[in-house]
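Some notes on the structure that comes next.
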Amino acid sequence: MSRRRVIAGVLKALQGRYPTTMLGGWSAGGAGPFRHLIGTILSARSRDEMTERVCDRLFRRYPTPERLAAARSRDVERILHDIGFYRTKTRYVIDSARRVVGLGRVPDTLEELMEFPGVGRKVANCVLVYAFGKEAIPVDTHVHRLANRIGWVRTRTPEETERALSEIIARRHWPIVNEVLVAHGKAVCRPIGPKCGECAIRRECARGAKC
Ligand code: SF4
């Protein structure tokens, strides 16, 4: 069986275990692109539950880009206070809101998104996938770690991993890569003490095959 098919099978098996709840939000009346953009900026080095809570609070107070663009820093800082780097993130979200107001939309290309403050490749790719339903592979530390551990790639940086994965995974599967690998990395394939004995993809994993 070709490598592409094996990887596709692994992704499907993981999707069966970890339903991809973030996909389709853009078309199902879920959070709009602006909220995805701001939520992803806030999520850097912050736990998901905390990010969600703070993001809810922020959008209750400033429901539109215009309102957030006009917000005072100290009021936003008070809302973001519970997450890491809240001062920097306050600057990022207000500046991002101003850019969106200026452009009249949230951009839907990697290049444009990466011009936003606080937006690197991973955040930009998340916005493309989860806000616009585009084919992209957001690579964070979990995805980078798992892709190397399973043996799909041998790379040193998330950027190299993104490039390598895009060559060995069919485009139609790109949107699920981040969500299923992040979920598996948290639940089973933990950084320290991966639970190989109860791993559903053990036979397809370079490390699991040796356990
Ligand atoms: S077999 Fe072990 S190392 Fe491989 S994916 Fe599963 S938990 Fe991770």
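To be explicit about the labels: the chains of the structure tokens are called A, B, and onward in the order shown, and within each one the residues are counted from 1, while ligands get numbers from 1 in the order they are shown.
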Would you tabulate, counting only C-alpha atoms and all ligand atoms, all residues of chain A that have an atom at most 7 Å from an atom of ligand 1, showing the closest pair of atoms and their distance in Å to one decimal, sorted by chain then ascending number, as JSON lines?
{"residue": "A:Leu146", "atom": "CA", "partner": "ligand 1", "partner_atom_place_in_ligand_line": "5 (S)", "distance": 6.8}
{"residue": "A:Arg149", "atom": "CA", "partner": "ligand 1", "partner_atom_place_in_ligand_line": "3 (S)", "distance": 5.9}
{"residue": "A:Ile150", "atom": "CA", "partner": "ligand 1", "partner_atom_place_in_ligand_line": "4 (Fe)", "distance": 5.2}
{"residue": "A:Val188", "atom": "CA", "partner": "ligand 1", "partner_atom_place_in_ligand_line": "7 (S)", "distance": 5.4}
{"residue": "A:Cys189", "atom": "CA", "partner": "ligand 1", "partner_atom_place_in_ligand_line": "7 (S)", "distance": 3.8}
{"residue": "A:Pro194", "atom": "CA", "partner": "ligand 1", "partner_atom_place_in_ligand_line": "7 (S)", "distance": 4.6}
{"residue": "A:Lys195", "atom": "CA", "partner": "ligand 1", "partner_atom_place_in_ligand_line": "7 (S)", "distance": 4.8}
{"residue": "A:Cys196", "atom": "CA", "partner": "ligand 1", "partner_atom_place_in_ligand_line": "2 (Fe)", "distance": 3.5}
{"residue": "A:Cys199", "atom": "CA", "partner": "ligand 1", "partner_atom_place_in_ligand_line": "6 (Fe)", "distance": 4.5}
{"residue": "A:Ala200", "atom": "CA", "partner": "ligand 1", "partner_atom_place_in_ligand_line": "6 (Fe)", "distance": 6.8}
{"residue": "A:Ile201", "atom": "CA", "partner": "ligand 1", "partner_atom_place_in_ligand_line": "6 (Fe)", "distance": 5.6}
{"residue": "A:Arg202", "atom": "CA", "partner": "ligand 1", "partner_atom_place_in_ligand_line": "1 (S)", "distance": 3.8}
{"residue": "A:Cys205", "atom": "CA", "partner": "ligand 1", "partner_atom_place_in_ligand_line": "4 (Fe)", "distance": 4.6}
{"residue": "A:Ala206", "atom": "CA", "partner": "ligand 1", "partner_atom_place_in_ligand_line": "4 (Fe)", "distance": 6.6}
{"residue": "A:Arg207", "atom": "CA", "partner": "ligand 1", "partner_atom_place_in_ligand_line": "3 (S)", "distance": 5.0}
{"residue": "A:Gly208", "atom": "CA", "partner": "ligand 1", "partner_atom_place_in_ligand_line": "1 (S)", "distance": 3.4}
{"residue": "A:Ala209", "atom": "CA", "partner": "ligand 1", "partner_atom_place_in_ligand_line": "1 (S)", "distance": 6.9}
Any chance you could tabulate, as a Markdown table, the residues of region 79-129 of chain A at most 8 Å from region 29-52 of chain A with each one's nearest atom pair and distance in Å to one decimal, using only C-alpha atoms, in chain and rising number order?
| residue | atom | partner | partner_atom | distance |
| --- | --- | --- | --- | --- |
| A:Asp82 | CA | A:Met50 | CA | 7.7 |
| A:Ile83 | CA | A:Ser46 | CA | 6.2 |
| A:Gly84 | CA | A:Ser46 | CA | 6.3 |
| A:Lys89 | CA | A:Leu42 | CA | 6.5 |
| A:Tyr92 | CA | A:Ile41 | CA | 7.7 |
| A:Val93 | CA | A:Ile38 | CA | 6.1 |
| A:Ser96 | CA | A:Ile38 | CA | 7.9 |
| A:Val106 | CA | A:Phe34 | CA | 6.2 |
| A:Gly118 | CA | A:Ile41 | CA | 6.2 |
| A:Val119 | CA | A:Ile41 | CA | 6.6 |
| A:Val123 | CA | A:Thr40 | CA | 6.0 |
| A:Cys126 | CA | A:Thr40 | CA | 7.4 |
| A:Val127 | CA | A:Leu37 | CA | 5.9 |
Suppose we keep C-alpha atoms; can you now write the selection as a compact mmCIF listing (two decimals), in the first residue's frame?
# COMPACT_ATOMS: atom_id res chain seq x y z
CA ASP A 82 -6.19 35.57 32.83
CA ILE A 83 -4.28 34.43 29.76
CA GLY A 84 -0.54 34.53 29.17
CA LYS A 89 -2.24 40.05 23.00
CA TYR A 92 -2.49 42.35 18.76
CA VAL A 93 -6.27 42.03 18.92
CA SER A 96 -6.01 43.29 14.13
CA VAL A 106 -10.78 39.27 7.25
CA GLY A 118 0.62 38.14 16.23
CA VAL A 119 -0.17 36.01 13.20
CA VAL A 123 -2.37 31.00 13.17
CA CYS A 126 -5.83 27.84 11.32
CA VAL A 127 -7.87 30.80 10.08
**Message:** Taking the DSSP secondary structure from the backbone, can you list the residues of region 33-188 of chain A that are helix (DSSP H, G or I), as a ChimeraX atom specification?
**Reply:** /A:33-43,48-61,65-69,73-80,86-103,110-113,121-132,141-150,158-168,171-187
**Message:** Using only C-alpha atoms, which protein or nucleic acid residues come within 12 Å of Lys12 (chain A)? Drop anything in the same chain fewer than 4 positions from it, and give the result as JSON, numbers by chain.
**Reply:** {"A": [5, 6, 7, 8, 16, 17, 18, 19, 20, 172, 173, 174, 176, 177, 179, 180, 181, 200, 201]}
Take the residues from that selection and write them out as a JSON list (two decimals), in the first residue's frame, keeping C-alpha atoms.
[["chain", "number", "residue", "atom", "x", "y", "z"],
["A", 5, "ARG", "CA", -2.85, 5.64, 1.56],
["A", 6, "VAL", "CA", -1.37, 4.46, 4.85],
["A", 7, "ILE", "CA", -1.34, 8.03, 6.17],
["A", 8, "ALA", "CA", -4.87, 8.62, 4.90],
["A", 16, "GLY", "CA", -13.14, 8.18, 14.08],
["A", 17, "ARG", "CA", -11.82, 8.58, 17.63],
["A", 18, "TYR", "CA", -11.64, 12.35, 17.75],
["A", 19, "PRO", "CA", -14.53, 13.92, 15.84],
["A", 20, "THR", "CA", -13.41, 17.04, 14.01],
["A", 172, "ARG", "CA", -8.43, 16.77, 0.72],
["A", 173, "HIS", "CA", -7.14, 15.47, 4.05],
["A", 174, "TRP", "CA", -5.19, 18.61, 5.00],
["A", 176, "ILE", "CA", -8.28, 17.39, 9.50],
["A", 177, "VAL", "CA", -4.56, 16.95, 10.18],
["A", 179, "GLU", "CA", -7.36, 18.70, 14.85],
["A", 180, "VAL", "CA", -6.86, 14.93, 14.97],
["A", 181, "LEU", "CA", -3.14, 15.03, 15.71],
["A", 200, "ALA", "CA", -5.19, 2.82, 17.83],
["A", 201, "ILE", "CA", -2.47, 3.56, 15.28]]
**Message:** One decimal, in Å: what's the spacing between CA of Arg105 (chain A) and CA of Ala69 (chain A)?
**Reply:** 13.3 Å
**Asked** Nearest to Pro63 (chain A): which of A:Ala13, A:Ala124, A:Leu80, A:Ala97 is it, counting only C-alpha atoms?
**Response** A:Ala97
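By only C-alpha atoms, and with residues fewer than 6 positions from Thr141 (chain A) along its chain excluded, the set lying at most 12 Å from it is Ala44, Arg45, Lys122, Ala147, Asn148, Arg149, Arg156, Thr157, Pro158, Glu159, Thr161, Glu162, Asn178, Leu181, Val182, Gly185, Lys186, Arg190 and Pro191 of chain A.
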Expected file: the selected residues, N, CA and C atoms, as an mmCIF file, in the first residue's frame:
data_model
loop_
_atom_site.group_PDB
_atom_site.id
_atom_site.type_symbol
_atom_site.label_atom_id
_atom_site.label_comp_id
_atom_site.auth_asym_id
_atom_site.auth_seq_id
_atom_site.Cartn_x
_atom_site.Cartn_y
_atom_site.Cartn_z
ATOM 1 N N ALA A 44 -2.429 31.315 21.627
ATOM 2 C CA ALA A 44 -0.997 31.012 21.745
ATOM 3 C C ALA A 44 -0.606 30.858 23.212
ATOM 4 N N ARG A 45 -0.046 29.731 23.533
ATOM 5 C CA ARG A 45 0.412 29.400 24.893
ATOM 6 C C ARG A 45 -0.682 29.585 25.937
ATOM 7 N N LYS A 122 1.185 29.275 11.616
ATOM 8 C CA LYS A 122 0.208 28.369 12.228
ATOM 9 C C LYS A 122 -1.140 29.061 12.412
ATOM 10 N N ALA A 147 4.039 14.043 14.000
ATOM 11 C CA ALA A 147 4.411 13.675 12.627
ATOM 12 C C ALA A 147 5.812 13.065 12.610
ATOM 13 N N ASN A 148 6.694 13.581 13.459
ATOM 14 C CA ASN A 148 8.052 13.018 13.550
ATOM 15 C C ASN A 148 8.057 11.699 14.308
ATOM 16 N N ARG A 149 7.292 11.645 15.379
ATOM 17 C CA ARG A 149 7.296 10.435 16.211
ATOM 18 C C ARG A 149 6.699 9.246 15.465
ATOM 19 N N ARG A 156 13.024 19.454 11.552
ATOM 20 C CA ARG A 156 13.474 20.142 12.767
ATOM 21 C C ARG A 156 12.535 21.241 13.206
ATOM 22 N N THR A 157 11.746 21.775 12.295
ATOM 23 C CA THR A 157 10.885 22.909 12.651
ATOM 24 C C THR A 157 9.459 22.664 12.151
ATOM 25 N N PRO A 158 8.485 23.322 12.786
ATOM 26 C CA PRO A 158 7.103 23.193 12.308
ATOM 27 C C PRO A 158 6.949 23.580 10.845
ATOM 28 N N GLU A 159 7.721 24.565 10.426
ATOM 29 C CA GLU A 159 7.626 24.991 9.033
ATOM 30 C C GLU A 159 8.071 23.882 8.076
ATOM 31 N N THR A 161 7.987 20.784 8.788
ATOM 32 C CA THR A 161 6.963 19.732 8.904
ATOM 33 C C THR A 161 5.780 20.036 7.999
ATOM 34 N N GLU A 162 5.355 21.288 8.004
ATOM 35 C CA GLU A 162 4.211 21.663 7.150
ATOM 36 C C GLU A 162 4.525 21.343 5.687
ATOM 37 N N ASN A 178 -4.530 18.883 11.637
ATOM 38 C CA ASN A 178 -4.255 19.579 12.892
ATOM 39 C C ASN A 178 -5.150 19.072 14.019
ATOM 40 N N LEU A 181 -4.449 15.261 15.083
ATOM 41 C CA LEU A 181 -3.136 15.026 15.712
ATOM 42 C C LEU A 181 -3.030 15.745 17.055
ATOM 43 N N VAL A 182 -3.598 16.932 17.139
ATOM 44 C CA VAL A 182 -3.584 17.640 18.434
ATOM 45 C C VAL A 182 -4.358 16.824 19.469
ATOM 46 N N GLY A 185 -2.396 13.778 20.388
ATOM 47 C CA GLY A 185 -1.217 14.174 21.168
ATOM 48 C C GLY A 185 -1.558 14.510 22.610
ATOM 49 N N LYS A 186 -2.767 14.958 22.839
ATOM 50 C CA LYS A 186 -3.176 15.272 24.215
ATOM 51 C C LYS A 186 -3.702 14.032 24.945
ATOM 52 N N ARG A 190 1.191 11.421 24.380
ATOM 53 C CA ARG A 190 1.661 12.578 25.146
ATOM 54 C C ARG A 190 3.171 12.765 24.990
ATOM 55 N N PRO A 191 3.629 13.992 25.194
ATOM 56 C CA PRO A 191 5.069 14.235 25.021
ATOM 57 C C PRO A 191 5.899 13.302 25.893
#
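Between CA of Asp56 (chain A) and CA of Val139 (chain A) the interatomic distance comes to 24.9 Å.
The coordinates place CA of Trp152 (chain A) at 17.4 Å from CA of Gln15 (chain A).
Omitting Lys134 (chain A) and its sequence neighbours fewer than 2 positions away, and counting only C-alpha atoms, the residues within 10 Å are Asp108, Thr109, Asn125, Cys126, Val127, Leu128, Val129, Tyr130, Ala131, Phe132, Ala136, Ile137, Arg171, Arg172, Trp174 and Pro175 of chain A.
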